[in-house]
file run25.cif (mmCIF, C-alpha atoms and all ligand atoms)
data_coords
loop_
_atom_site.label_atom_id
_atom_site.label_comp_id
_atom_site.auth_asym_id
_atom_site.auth_seq_id
_atom_site.Cartn_x
_atom_site.Cartn_y
_atom_site.Cartn_z
CA THR A 1 -32.85 16.33 28.23
CA SER A 2 -34.74 13.24 27.19
CA ASP A 3 -33.82 13.51 23.52
CA PRO A 4 -31.24 10.78 22.92
CA LEU A 5 -30.07 12.49 19.74
CA ALA A 6 -28.93 15.47 21.83
CA THR A 7 -26.19 13.39 23.44
CA PHE A 8 -23.35 11.26 22.14
CA THR A 9 -20.77 8.88 23.53
CA ARG A 10 -16.98 8.84 23.33
CA ALA A 11 -17.17 5.81 21.02
CA GLU A 12 -19.36 7.83 18.65
CA VAL A 13 -16.83 10.66 18.67
CA CYS A 14 -14.13 8.11 17.79
CA ALA A 15 -16.24 6.66 14.97
CA ALA A 16 -16.73 10.13 13.45
CA ALA A 17 -13.00 10.93 13.83
CA ILE A 18 -12.12 7.68 12.07
CA ALA A 19 -14.65 8.49 9.33
CA ASP A 20 -12.95 11.86 8.90
CA ALA A 21 -9.62 10.11 8.37
CA PHE A 22 -11.13 8.46 5.26
CA ALA A 23 -13.23 11.41 4.08
CA ASP A 24 -10.80 12.77 1.49
CA ASP A 25 -9.54 9.47 0.11
CA GLY A 26 -11.76 9.25 -2.94
CA GLU A 27 -12.08 5.83 -4.54
CA LEU A 28 -9.68 3.46 -2.82
CA PHE A 29 -9.69 0.24 -0.84
CA ALA A 30 -10.33 1.03 2.82
CA SER A 31 -8.86 -1.68 5.06
CA PRO A 32 -9.97 -1.14 8.64
CA MET A 33 -8.59 -3.60 11.20
CA GLY A 34 -10.87 -4.16 14.17
CA LEU A 35 -14.21 -2.92 15.36
CA LEU A 36 -14.09 0.88 15.70
CA PRO A 37 -12.07 1.27 12.47
CA THR A 38 -14.68 -0.82 10.63
CA LEU A 39 -17.47 1.29 12.10
CA GLY A 40 -15.70 4.53 11.16
CA VAL A 41 -14.98 3.41 7.58
CA ARG A 42 -18.58 2.33 7.02
CA LEU A 43 -19.77 5.61 8.50
CA ALA A 44 -17.54 7.49 6.05
CA ARG A 45 -18.95 5.44 3.19
CA LEU A 46 -22.50 6.40 4.19
CA THR A 47 -21.62 10.08 4.59
CA SER A 48 -18.46 11.84 3.41
CA ASN A 49 -16.97 9.28 1.01
CA PRO A 50 -19.40 6.98 -0.82
CA ASP A 51 -16.59 5.96 -3.22
CA LEU A 52 -14.74 3.93 -0.56
CA VAL A 53 -14.27 0.31 -1.55
CA ILE A 54 -14.87 -2.01 1.40
CA SER A 55 -14.56 -5.72 2.02
CA ASP A 56 -15.73 -8.25 4.57
CA GLY A 57 -12.14 -8.39 5.86
CA GLU A 58 -11.67 -11.86 4.44
CA SER A 59 -12.21 -12.26 0.71
CA LEU A 60 -15.21 -10.34 -0.61
CA PHE A 61 -15.65 -6.78 -1.81
CA LEU A 62 -19.05 -5.53 -0.65
CA ALA A 63 -21.42 -3.45 -2.76
CA GLY A 64 -23.47 -2.32 0.22
CA THR A 65 -22.51 -1.06 3.66
CA PRO A 66 -23.67 -3.70 6.14
CA PRO A 67 -23.86 -3.37 9.93
CA LEU A 68 -20.96 -4.59 12.06
CA LEU A 69 -20.73 -8.39 12.18
CA ALA A 70 -23.64 -8.78 9.74
CA PRO A 71 -23.08 -11.27 6.95
CA GLY A 72 -21.75 -9.54 3.84
CA ASP A 73 -24.56 -8.28 1.66
CA VAL A 74 -24.30 -7.87 -2.10
CA VAL A 75 -20.88 -9.03 -3.20
CA GLU A 76 -19.08 -7.09 -5.93
CA GLY A 77 -15.63 -8.64 -6.08
CA TRP A 78 -13.09 -11.20 -4.95
CA ILE A 79 -10.27 -10.01 -2.70
CA PRO A 80 -8.52 -12.93 -0.99
CA PHE A 81 -5.27 -12.08 0.89
CA ARG A 82 -3.04 -12.82 -2.12
CA ARG A 83 -4.91 -10.17 -4.09
CA VAL A 84 -4.72 -7.76 -1.17
CA PHE A 85 -0.96 -7.80 -1.75
CA ASP A 86 -1.52 -6.71 -5.36
CA VAL A 87 -3.58 -3.75 -4.14
CA VAL A 88 -0.95 -2.95 -1.49
CA ALA A 89 1.71 -2.74 -4.22
CA TRP A 90 -0.55 -0.79 -6.57
CA GLY A 91 -1.19 1.76 -3.86
CA ARG A 92 -4.87 2.77 -3.90
CA ARG A 93 -5.46 1.62 -0.32
CA HIS A 94 -5.82 3.21 3.10
CA VAL A 95 -5.31 0.81 5.99
CA MET A 96 -6.12 1.56 9.61
CA MET A 97 -4.17 -0.84 11.80
CA GLY A 98 -3.97 -1.30 15.53
CA ALA A 99 -0.82 -0.34 17.39
CA THR A 100 0.46 -1.96 20.56
CA GLN A 101 3.18 0.71 20.68
CA VAL A 102 3.72 3.98 18.80
CA ASP A 103 6.78 6.17 19.33
CA ARG A 104 7.58 9.86 18.91
CA HIS A 105 8.75 9.21 15.34
CA GLY A 106 5.55 7.47 14.33
CA ASN A 107 7.00 3.95 14.29
CA GLN A 108 4.41 1.29 15.19
CA ASN A 109 4.84 -2.10 16.87
CA ILE A 110 2.43 -5.04 16.70
CA SER A 111 5.15 -7.69 16.87
CA ALA A 112 6.62 -8.20 20.35
CA ILE A 113 7.28 -6.43 23.65
CA GLY A 114 10.78 -6.34 25.14
CA ASP A 115 14.10 -7.45 23.73
CA PHE A 116 13.41 -9.13 20.37
CA ALA A 117 15.79 -11.99 21.18
CA ARG A 118 13.75 -12.79 24.27
CA PRO A 119 10.46 -10.88 24.22
CA THR A 120 8.34 -10.65 27.35
CA ARG A 121 5.21 -10.74 25.15
CA GLN A 122 4.81 -12.20 21.69
CA LEU A 123 2.07 -10.30 19.83
CA LEU A 124 0.66 -10.77 16.34
CA GLY A 125 3.86 -10.34 14.38
CA SER A 126 4.39 -7.45 12.01
CA ARG A 127 1.89 -8.81 9.46
CA GLY A 128 1.19 -6.29 6.70
CA ALA A 129 2.61 -3.30 8.57
CA PRO A 130 6.01 -2.89 6.82
CA GLY A 131 4.56 -3.08 3.31
CA ASN A 132 1.53 -0.97 4.22
CA THR A 133 3.63 1.89 5.54
CA VAL A 134 5.81 2.14 2.43
CA ASN A 135 3.02 1.62 -0.10
CA ASN A 136 -0.29 2.84 1.27
CA ARG A 137 -1.83 5.58 3.31
CA THR A 138 -1.77 4.19 6.85
CA SER A 139 -3.62 5.25 9.99
CA TYR A 140 -3.69 3.75 13.47
CA TRP A 141 -6.43 3.14 16.01
CA VAL A 142 -5.53 3.00 19.70
CA PRO A 143 -8.50 2.14 21.93
CA ARG A 144 -6.64 2.86 25.20
CA HIS A 145 -4.32 5.83 24.94
CA SER A 146 -1.65 5.29 27.61
CA PRO A 147 2.07 5.72 28.29
CA ARG A 148 2.49 2.03 27.63
CA VAL A 149 1.27 2.47 24.07
CA PHE A 150 2.84 5.88 23.34
CA VAL A 151 6.47 5.16 24.16
CA GLU A 152 9.71 7.00 23.49
CA GLN A 153 10.93 4.16 21.26
CA VAL A 154 9.02 1.09 20.07
CA ASP A 155 10.56 -2.29 20.98
CA VAL A 156 10.16 -3.59 17.40
CA VAL A 157 9.45 -1.49 14.31
CA SER A 158 6.54 -3.04 12.41
CA GLY A 159 5.15 0.04 10.66
CA VAL A 160 7.82 2.57 9.74
CA GLY A 161 7.51 6.26 10.58
CA PRO A 162 8.70 9.09 8.30
CA ALA A 163 12.32 9.24 9.53
CA ARG A 164 12.90 5.53 8.95
CA ALA A 165 11.17 5.64 5.59
CA ARG A 166 13.49 8.49 4.60
CA GLU A 167 16.56 6.58 5.80
CA ALA A 168 15.48 3.53 3.81
CA GLY A 169 15.65 5.53 0.59
CA PRO A 170 13.38 6.87 -2.16
CA ALA A 171 11.50 3.62 -2.80
CA ALA A 172 10.35 3.55 0.83
CA GLU A 173 9.77 7.25 1.20
CA ARG A 174 7.94 7.92 -2.05
CA PHE A 175 4.54 6.61 -1.01
CA HIS A 176 4.98 6.78 2.76
CA ASP A 177 1.88 8.46 4.18
CA VAL A 178 1.02 7.91 7.83
CA HIS A 179 -2.16 9.92 8.00
CA ARG A 180 -3.86 9.90 11.42
CA ILE A 181 -3.66 8.24 14.80
CA VAL A 182 -7.10 8.15 16.40
CA THR A 183 -7.32 7.15 20.07
CA ASP A 184 -10.01 7.08 22.73
CA LEU A 185 -8.72 10.49 23.89
CA ALA A 186 -7.54 12.41 20.85
CA VAL A 187 -6.64 12.70 17.17
CA LEU A 188 -2.94 12.90 16.34
CA ASP A 189 -0.85 13.01 13.18
CA LEU A 190 2.82 13.11 12.20
CA GLY A 191 2.89 16.83 11.47
CA GLY A 192 5.51 17.61 14.12
CA PRO A 193 9.11 18.58 13.25
CA GLY A 194 10.81 15.82 11.26
CA GLY A 195 7.59 13.82 11.06
CA THR A 196 7.00 13.48 14.80
CA VAL A 197 3.70 12.88 16.59
CA ARG A 198 1.54 15.98 16.92
CA LEU A 199 -1.69 16.45 18.84
CA CYS A 200 -4.45 17.67 16.48
CA SER A 201 -7.53 17.63 18.73
CA VAL A 202 -8.77 16.28 22.05
CA HIS A 203 -12.15 14.61 22.27
CA PRO A 204 -15.00 16.41 24.05
CA GLY A 205 -14.59 15.84 27.80
CA VAL A 206 -10.81 15.31 27.52
CA THR A 207 -8.19 17.94 28.39
CA VAL A 208 -4.85 18.46 26.69
CA ALA A 209 -3.26 17.75 30.08
CA ASP A 210 -5.02 14.36 30.12
CA VAL A 211 -3.44 13.52 26.76
CA HIS A 212 0.04 14.66 27.82
CA ALA A 213 -0.29 12.53 30.95
CA ALA A 214 -1.30 9.51 28.87
CA THR A 215 1.61 9.89 26.45
CA GLY A 216 5.11 8.61 27.26
CA PHE A 217 6.94 11.28 25.24
CA GLU A 218 6.68 15.02 24.68
CA LEU A 219 3.79 15.60 22.27
CA VAL A 220 4.08 18.39 19.73
CA VAL A 221 1.25 20.92 19.72
CA ASP A 222 0.80 23.85 17.32
CA GLY A 223 0.91 27.04 19.38
CA SER A 224 0.15 26.43 23.04
CA ASP A 225 -1.91 23.76 24.73
CA ALA A 226 -4.79 26.23 24.96
CA ASP A 227 -4.92 26.38 21.14
CA VAL A 228 -5.64 22.67 20.68
CA PRO A 229 -9.23 22.29 19.44
CA HIS A 230 -11.81 19.71 20.39
CA THR A 231 -12.53 16.85 18.03
CA ARG A 232 -15.86 17.59 16.36
CA GLU A 233 -19.06 16.12 17.74
CA PRO A 234 -20.79 13.46 15.64
CA THR A 235 -23.62 14.98 13.61
CA VAL A 236 -27.21 13.95 14.23
CA GLU A 237 -27.12 12.03 10.94
CA GLU A 238 -24.02 10.16 12.13
CA ARG A 239 -25.61 9.38 15.50
CA VAL A 240 -28.61 7.85 13.72
CA LEU A 241 -26.46 5.90 11.25
CA VAL A 242 -24.24 4.51 14.01
CA ARG A 243 -27.07 3.64 16.39
CA GLU A 244 -29.78 2.48 14.00
CA VAL A 245 -27.91 1.15 10.98
CA LEU A 246 -24.28 0.19 11.59
CA ASP A 247 -24.08 -0.78 15.26
CA PRO A 248 -27.56 -1.25 16.75
CA ARG A 249 -26.15 -3.67 19.35
CA GLY A 250 -23.76 -1.08 20.75
CA LEU A 251 -20.64 -3.15 20.12
CA ARG A 252 -18.69 0.12 19.99
CA HIS A 253 -19.16 0.56 23.73
CA ARG A 254 -17.34 -2.68 24.46
CA GLU A 255 -14.26 -1.15 22.90
CA VAL A 256 -14.71 2.41 24.17
CA PRO A 257 -17.00 2.36 27.21
CA ALA A 258 -19.79 4.96 27.15
C1 LIG B 1 1.63 -4.88 26.51
C2 LIG B 1 1.27 -3.79 25.71
C3 LIG B 1 2.10 -2.65 25.74
C4 LIG B 1 -0.21 -5.30 25.45
N1 LIG B 1 3.20 -2.68 26.52
N2 LIG B 1 2.73 -4.86 27.26
C5 LIG B 1 0.68 -7.10 26.94
C6 LIG B 1 3.49 -3.76 27.25
C7 LIG B 1 -0.66 -7.33 27.64
C8 LIG B 1 -0.82 -8.79 27.56
C9 LIG B 1 -0.18 -9.17 26.23
C10 LIG B 1 -1.19 -9.31 25.12
C11 LIG B 1 -2.12 -6.34 4.10
C12 LIG B 1 -2.35 -6.22 5.54
C13 LIG B 1 -2.52 -7.27 6.37
C14 LIG B 1 -2.71 -8.65 5.86
C15 LIG B 1 -2.92 -8.63 4.31
C16 LIG B 1 -1.86 -7.76 3.72
C17 LIG B 1 -2.43 -7.07 7.81
C18 LIG B 1 -2.91 -10.00 3.68
C19 LIG B 1 -3.85 -9.38 6.53
C20 LIG B 1 -3.23 -10.52 7.27
C21 LIG B 1 -1.82 -10.36 7.08
C22 LIG B 1 -2.09 -5.75 10.23
C23 LIG B 1 -3.44 -5.89 10.79
C24 LIG B 1 -3.68 -5.25 13.09
C25 LIG B 1 -3.91 -5.78 14.48
C26 LIG B 1 -3.50 -4.85 15.45
C27 LIG B 1 -4.09 -4.98 17.75
C28 LIG B 1 -3.89 -5.69 19.04
C29 LIG B 1 -5.14 -6.40 19.50
C30 LIG B 1 -4.87 -7.01 20.87
C31 LIG B 1 -6.26 -5.42 19.69
C32 LIG B 1 -5.54 -7.45 18.46
N3 LIG B 1 1.83 -1.58 25.03
N4 LIG B 1 0.10 -4.09 25.08
N5 LIG B 1 0.70 -5.81 26.32
N6 LIG B 1 -3.47 -6.16 12.17
N7 LIG B 1 -3.49 -5.47 16.74
O1 LIG B 1 -0.60 -6.89 29.00
O2 LIG B 1 -0.07 -9.39 28.59
O3 LIG B 1 0.72 -8.09 25.92
O4 LIG B 1 -1.94 -8.11 25.10
O5 LIG B 1 -2.39 -4.97 5.95
O6 LIG B 1 -2.42 -7.99 8.53
O7 LIG B 1 -0.94 -11.05 7.58
O8 LIG B 1 -1.53 -9.36 6.21
O9 LIG B 1 -3.81 -7.80 20.81
O10 LIG B 1 -2.85 -8.25 22.93
O11 LIG B 1 -3.71 -4.08 12.82
O12 LIG B 1 -4.72 -3.95 17.63
O13 LIG B 1 -2.82 -6.57 18.92
O14 LIG B 1 -2.47 -9.80 21.12
O15 LIG B 1 -4.78 -9.66 22.16
O16 LIG B 1 -4.21 -9.08 24.86
O17 LIG B 1 -3.80 -6.61 24.48
O18 LIG B 1 -2.07 -10.26 29.75
O19 LIG B 1 -0.50 -11.77 28.56
O20 LIG B 1 0.19 -10.64 30.66
P1 LIG B 1 -3.51 -9.01 21.77
P2 LIG B 1 -3.33 -8.00 24.39
P3 LIG B 1 -0.67 -10.60 29.46
S1 LIG B 1 -2.22 -5.46 8.46
#

call {"tool": "encode", "arguments": {"input": "run25.cif", "output": "structure tokens"}}
result
Amino acid sequence: TSDPLATFTRAEVCAAAIADAFADDGELFASPMGLLPTLGVRLARLTSNPDLVISDGESLFLAGTPPLLAPGDVVEGWIPFRRVFDVVAWGRRHVMMGATQVDRHGNQNISAIGDFARPTRQLLGSRGAPGNTVNNRTSYWVPRHSPRVFVEQVDVVSGVGPARAREAGPAAERFHDVHRIVTDLAVLDLGGPGGTVRLCSVHPGVTVADVHAATGFELVVDGSDADVPHTREPTVEERVLVREVLDPRGLRHREVPA
């Protein structure tokens, strides 16, 4: 067919899946880290959840919903990092972070690879991850789902999963809420036994076997592999918003190739 709206790319599926992760949040501060999360949050704001509060990622709350990398449009508030910490503690925030490693128990690592005393790779450091995971709804975005990301046990715990939050006591567990893990292959959550990683859907064109093969631990599925649904296709409205409004330059395809 020659109708471009009849087709969609994997990156567009990911953007819609990320938007869905924020659809039911109501009015809270959405903190997407990185390109596809920013695209997905802005898509949610233009569709399912207009109440999302967004920023330029540095210090300004934005009244409008600008395209990726565009200068912030109408400014409606001041949110430098020190004030982000106030919102983190207050709780009305949903952050989508990256994850260099995620394990079966939903622990996330963005700090270092290897033995912490002598890491083979120094990454970003844990940054906001510990506080986010005990105070705010937290999701993760993984642009390359692979056994090197989804490992049996993370080398360093930056973001805590449910079991560790429980062990740390009521103050850590009370607001712990790891919501979704969206990857280039699938949508996962922590709905497995004891808060373990569960496969929710595989993206169109991906098989459940592909996801098992790209995961370094046994993934929980509800029922059998044949019961795992496909992630929904982006609607025509979403395709237009992504292509014409939010990401006309196709930056999304640098992160998730078409
Ligand atoms: C690996 C792996 C792997 C990569 N296994 N090796 C190797 C083995 C790879 C390379 C090398 C480098 C609230 C809040 C905050 C704030 C607020 C408070 C946060 C104030 C803001 C500031 C702050 C945290 C937000 C994120 C970022 C998540 C990422 C990735 C990346 C790429 C995309 C940036 N599995 N993987 N290697 N931050 N990060 O072969 O080897 O390691 O690899 O919430 O901050 O402080 O608090 O990262 O790595 O969410 O998504 O890190 O470092 O460029 O190049 O891939 O090539 O050198 O040999 P990168 P990469 P080599 S919230």

call {"tool": "closest_atom_pairs", "arguments": {"input": "run25.cif", "of": "chain A", "to": "ligand LIG 1 (chain B)", "cutoff": "9 Å", "atoms": "all atoms listed in the file", "output": "CSV"}}
result
residue,atom,partner,partner_atom,distance
A:Ser31,CA,B:LIG1,O5,7.3
A:Pro32,CA,B:LIG1,O11,8.1
A:Met33,CA,B:LIG1,O11,5.2
A:Gly34,CA,B:LIG1,O12,7.1
A:Gly57,CA,B:LIG1,C19,8.4
A:Glu58,CA,B:LIG1,C19,8.5
A:Pro80,CA,B:LIG1,C18,7.9
A:Phe81,CA,B:LIG1,C18,4.2
A:Arg82,CA,B:LIG1,C18,6.5
A:Arg83,CA,B:LIG1,C18,8.0
A:Val84,CA,B:LIG1,C18,5.6
A:Phe85,CA,B:LIG1,C16,5.5
A:Val87,CA,B:LIG1,C11,8.8
A:Val88,CA,B:LIG1,C11,6.6
A:Val95,CA,B:LIG1,O5,6.5
A:Met96,CA,B:LIG1,O11,6.9
A:Met97,CA,B:LIG1,O11,3.4
A:Gly98,CA,B:LIG1,O12,3.5
A:Ala99,CA,B:LIG1,O12,5.3
A:Thr100,CA,B:LIG1,N3,4.7
A:Gln101,CA,B:LIG1,N3,5.1
A:Val102,CA,B:LIG1,N3,8.6
A:Asn109,CA,B:LIG1,N3,8.7
A:Ile110,CA,B:LIG1,O13,5.9
A:Ser111,CA,B:LIG1,O13,8.3
A:Ala112,CA,B:LIG1,O3,8.1
A:Ile113,CA,B:LIG1,C6,5.9
A:Gly114,CA,B:LIG1,C6,8.0
A:Thr120,CA,B:LIG1,N2,8.1
A:Arg121,CA,B:LIG1,O3,5.3
A:Gln122,CA,B:LIG1,O3,7.2
A:Leu123,CA,B:LIG1,O14,4.7
A:Leu124,CA,B:LIG1,O14,5.8
A:Gly125,CA,B:LIG1,O7,8.4
A:Ser126,CA,B:LIG1,C22,6.9
A:Arg127,CA,B:LIG1,O7,4.1
A:Gly128,CA,B:LIG1,C12,3.7
A:Ala129,CA,B:LIG1,S1,5.3
A:Pro130,CA,B:LIG1,O5,8.7
A:Gly131,CA,B:LIG1,C11,7.5
A:Asn132,CA,B:LIG1,O5,5.9
A:Tyr140,CA,B:LIG1,O11,7.9
A:Trp141,CA,B:LIG1,O12,7.5
A:Val142,CA,B:LIG1,O12,7.3
A:Pro143,CA,B:LIG1,C31,8.2
A:Ser146,CA,B:LIG1,N3,8.1
A:Pro147,CA,B:LIG1,N3,8.0
A:Arg148,CA,B:LIG1,N3,4.5
A:Val149,CA,B:LIG1,N3,4.2
A:Phe150,CA,B:LIG1,N3,7.7
A:Val151,CA,B:LIG1,N3,8.2

call {"tool": "atom_distance", "arguments": {"input": "run25.cif", "atom1": "atom CA of A:Arg166", "atom2": "atom CA of A:Val197"}}
result
16.1 Å

call {"tool": "atom_distance", "arguments": {"input": "run25.cif", "atom1": "atom CA of A:Asp155", "atom2": "atom CA of A:Leu185"}}
result
23.3 Å

call {"tool": "residues_around", "arguments": {"input": "run25.cif", "residues": "stretch 215-228 of chain A", "least_positions_apart": "5", "cutoff": "10 Å", "atoms": "all atoms listed in the file", "output": "ChimeraX atom specification"}}
result
/A:102-104,145-153,188-193,196-202,207-210

call {"tool": "residues_near_point", "arguments": {"input": "run25.cif", "point": "(7.9, 4.0, 15.4)", "cutoff": "6 Å", "atoms": "only C-alpha atoms", "output": "VMD selection string"}}
result
chain A and resid 102 to 103 105 to 108 154 157 160 to 161

call {"tool": "write_last_selection", "arguments": {"input": "run25.cif", "atoms": "C-alpha atoms", "output": "tab-separated table (two decimals), in the coordinates of the input"}}
result
chain	number	residue	atom	x	y	z
A	102	VAL	CA	3.72	3.98	18.80
A	103	ASP	CA	6.78	6.17	19.33
A	105	HIS	CA	8.75	9.21	15.34
A	106	GLY	CA	5.55	7.47	14.33
A	107	ASN	CA	7.00	3.95	14.29
A	108	GLN	CA	4.41	1.29	15.19
A	154	VAL	CA	9.02	1.09	20.07
A	157	VAL	CA	9.45	-1.49	14.31
A	160	VAL	CA	7.82	2.57	9.74
A	161	GLY	CA	7.51	6.26	10.58

call {"tool": "closest_residue", "arguments": {"input": "run25.cif", "among": "A:Ala117, A:Val134, A:Ala89, A:Leu43", "to": "A:Arg164", "atoms": "all atoms listed in the file"}}
result
A:Val134

call {"tool": "atom_distance", "arguments": {"input": "run25.cif", "atom1": "atom CA of A:Val53", "atom2": "atom CA of A:Leu28"}}
result
5.7 Å

call {"tool": "residues_around", "arguments": {"input": "run25.cif", "residues": "A:Arg252", "least_positions_apart": "5", "cutoff": "8 Å", "atoms": "only C-alpha atoms", "output": "ChimeraX atom specification"}}
result
/A:11-12,35-36,247,257

call {"tool": "axis_aligned_box", "arguments": {"input": "run25.cif", "around": "stretch 146-154 of chain A", "padding_each_side": "8 Å", "output": "lines of an AutoDock Vina configuration file"}}
result
center_x = 4.6
center_y = 4.0
center_z = 24.2
size_x = 28.6
size_y = 21.9
size_z = 24.2

call {"tool": "residues_around", "arguments": {"input": "run25.cif", "residues": "A:Ala15", "least_positions_apart": "6", "cutoff": "10 Å", "atoms": "all atoms listed in the file", "output": "list in words"}}
result
Thr9, Ala21, Leu35, Leu36, Pro37, Thr38, Leu39, Gly40, Val41, Arg42, Leu43, Ala44, Val182, Asp184, Pro234, Glu238, Arg239, Val242 and Arg252 of chain A

call {"tool": "residues_around", "arguments": {"input": "run25.cif", "residues": "A:Leu60", "least_positions_apart": "4", "cutoff": "7 Å", "atoms": "all atoms listed in the file", "output": "list in words"}}
result
Ser55, Asp56, Val75, Gly77, Trp78 and Ile79 of chain A

call {"tool": "residues_near_point", "arguments": {"input": "run25.cif", "point": "(7.7, 11.7, 0.9)", "cutoff": "12 Å", "atoms": "all atoms listed in the file", "output": "PDB file with C-alpha atoms, in the coordinates of the input"}}
result
ATOM      1  CA  THR A 133       3.630   1.890   5.540  1.00  0.00           C
ATOM      2  CA  VAL A 134       5.810   2.140   2.430  1.00  0.00           C
ATOM      3  CA  ASN A 135       3.020   1.620  -0.100  1.00  0.00           C
ATOM      4  CA  ASN A 136      -0.290   2.840   1.270  1.00  0.00           C
ATOM      5  CA  ARG A 137      -1.830   5.580   3.310  1.00  0.00           C
ATOM      6  CA  GLY A 161       7.510   6.260  10.580  1.00  0.00           C
ATOM      7  CA  PRO A 162       8.700   9.090   8.300  1.00  0.00           C
ATOM      8  CA  ALA A 163      12.320   9.240   9.530  1.00  0.00           C
ATOM      9  CA  ARG A 164      12.900   5.530   8.950  1.00  0.00           C
ATOM     10  CA  ALA A 165      11.170   5.640   5.590  1.00  0.00           C
ATOM     11  CA  ARG A 166      13.490   8.490   4.600  1.00  0.00           C
ATOM     12  CA  GLU A 167      16.560   6.580   5.800  1.00  0.00           C
ATOM     13  CA  ALA A 168      15.480   3.530   3.810  1.00  0.00           C
ATOM     14  CA  GLY A 169      15.650   5.530   0.590  1.00  0.00           C
ATOM     15  CA  PRO A 170      13.380   6.870  -2.160  1.00  0.00           C
ATOM     16  CA  ALA A 171      11.500   3.620  -2.800  1.00  0.00           C
ATOM     17  CA  ALA A 172      10.350   3.550   0.830  1.00  0.00           C
ATOM     18  CA  GLU A 173       9.770   7.250   1.200  1.00  0.00           C
ATOM     19  CA  ARG A 174       7.940   7.920  -2.050  1.00  0.00           C
ATOM     20  CA  PHE A 175       4.540   6.610  -1.010  1.00  0.00           C
ATOM     21  CA  HIS A 176       4.980   6.780   2.760  1.00  0.00           C
ATOM     22  CA  ASP A 177       1.880   8.460   4.180  1.00  0.00           C
ATOM     23  CA  VAL A 178       1.020   7.910   7.830  1.00  0.00           C
ATOM     24  CA  GLY A 194      10.810  15.820  11.260  1.00  0.00           C
ATOM     25  CA  GLY A 195       7.590  13.820  11.060  1.00  0.00           C
TER      26      GLY A 195
END

call {"tool": "residues_around", "arguments": {"input": "run25.cif", "residues": "A:Arg10", "least_positions_apart": "2", "cutoff": "7 Å", "atoms": "all atoms listed in the file", "output": "tab-separated table (two decimals) with C-alpha atoms, in the coordinates of the input"}}
result
chain	number	residue	atom	x	y	z
A	8	PHE	CA	-23.35	11.26	22.14
A	12	GLU	CA	-19.36	7.83	18.65
A	13	VAL	CA	-16.83	10.66	18.67
A	14	CYS	CA	-14.13	8.11	17.79
A	256	VAL	CA	-14.71	2.41	24.17
A	258	ALA	CA	-19.79	4.96	27.15

call {"tool": "closest_residue", "arguments": {"input": "run25.cif", "among": "A:Ala214, A:Ile181, A:Ala6, A:Ala23", "to": "A:Leu46", "atoms": "only C-alpha atoms"}}
result
A:Ala23

call {"tool": "closest_residue", "arguments": {"input": "run25.cif", "among": "A:Ala17, A:Leu62, A:Leu251, A:Ala70", "to": "A:Ala186", "atoms": "all atoms listed in the file"}}
result
A:Ala17

call {"tool": "build_atoms", "arguments": {"input": "run25.cif", "residues": "stretch 200-208 of chain A", "atoms": "N, CA, C and O atoms", "output": "PDB file, in the coordinates of the input"}}
result
ATOM      1  N   CYS A 200      -3.582  16.842  17.332  1.00  0.00           N
ATOM      2  CA  CYS A 200      -4.450  17.670  16.480  1.00  0.00           C
ATOM      3  C   CYS A 200      -5.700  18.133  17.216  1.00  0.00           C
ATOM      4  O   CYS A 200      -6.131  19.261  17.052  1.00  0.00           O
ATOM      5  N   SER A 201      -6.319  17.248  17.993  1.00  0.00           N
ATOM      6  CA  SER A 201      -7.530  17.630  18.730  1.00  0.00           C
ATOM      7  C   SER A 201      -7.737  16.665  19.876  1.00  0.00           C
ATOM      8  O   SER A 201      -7.277  15.519  19.829  1.00  0.00           O
ATOM      9  N   VAL A 202      -8.408  17.150  20.919  1.00  0.00           N
ATOM     10  CA  VAL A 202      -8.770  16.280  22.050  1.00  0.00           C
ATOM     11  C   VAL A 202     -10.286  16.097  22.022  1.00  0.00           C
ATOM     12  O   VAL A 202     -11.028  17.021  21.685  1.00  0.00           O
ATOM     13  N   HIS A 203     -10.730  14.900  22.354  1.00  0.00           N
ATOM     14  CA  HIS A 203     -12.150  14.610  22.270  1.00  0.00           C
ATOM     15  C   HIS A 203     -12.924  15.417  23.334  1.00  0.00           C
ATOM     16  O   HIS A 203     -12.357  15.747  24.385  1.00  0.00           O
ATOM     17  N   PRO A 204     -14.189  15.707  23.052  1.00  0.00           N
ATOM     18  CA  PRO A 204     -15.000  16.410  24.050  1.00  0.00           C
ATOM     19  C   PRO A 204     -14.920  15.678  25.401  1.00  0.00           C
ATOM     20  O   PRO A 204     -15.015  14.447  25.445  1.00  0.00           O
ATOM     21  N   GLY A 205     -14.705  16.438  26.467  1.00  0.00           N
ATOM     22  CA  GLY A 205     -14.590  15.840  27.800  1.00  0.00           C
ATOM     23  C   GLY A 205     -13.165  15.473  28.180  1.00  0.00           C
ATOM     24  O   GLY A 205     -12.916  15.032  29.309  1.00  0.00           O
ATOM     25  N   VAL A 206     -12.215  15.631  27.248  1.00  0.00           N
ATOM     26  CA  VAL A 206     -10.810  15.310  27.520  1.00  0.00           C
ATOM     27  C   VAL A 206     -10.029  16.624  27.514  1.00  0.00           C
ATOM     28  O   VAL A 206     -10.314  17.514  26.708  1.00  0.00           O
ATOM     29  N   THR A 207      -9.045  16.751  28.402  1.00  0.00           N
ATOM     30  CA  THR A 207      -8.190  17.940  28.390  1.00  0.00           C
ATOM     31  C   THR A 207      -6.857  17.613  27.728  1.00  0.00           C
ATOM     32  O   THR A 207      -6.453  16.444  27.645  1.00  0.00           O
ATOM     33  N   VAL A 208      -6.179  18.657  27.281  1.00  0.00           N
ATOM     34  CA  VAL A 208      -4.850  18.460  26.690  1.00  0.00           C
ATOM     35  C   VAL A 208      -3.913  17.879  27.753  1.00  0.00           C
ATOM     36  O   VAL A 208      -3.075  17.019  27.451  1.00  0.00           O
TER      37      VAL A 208
END
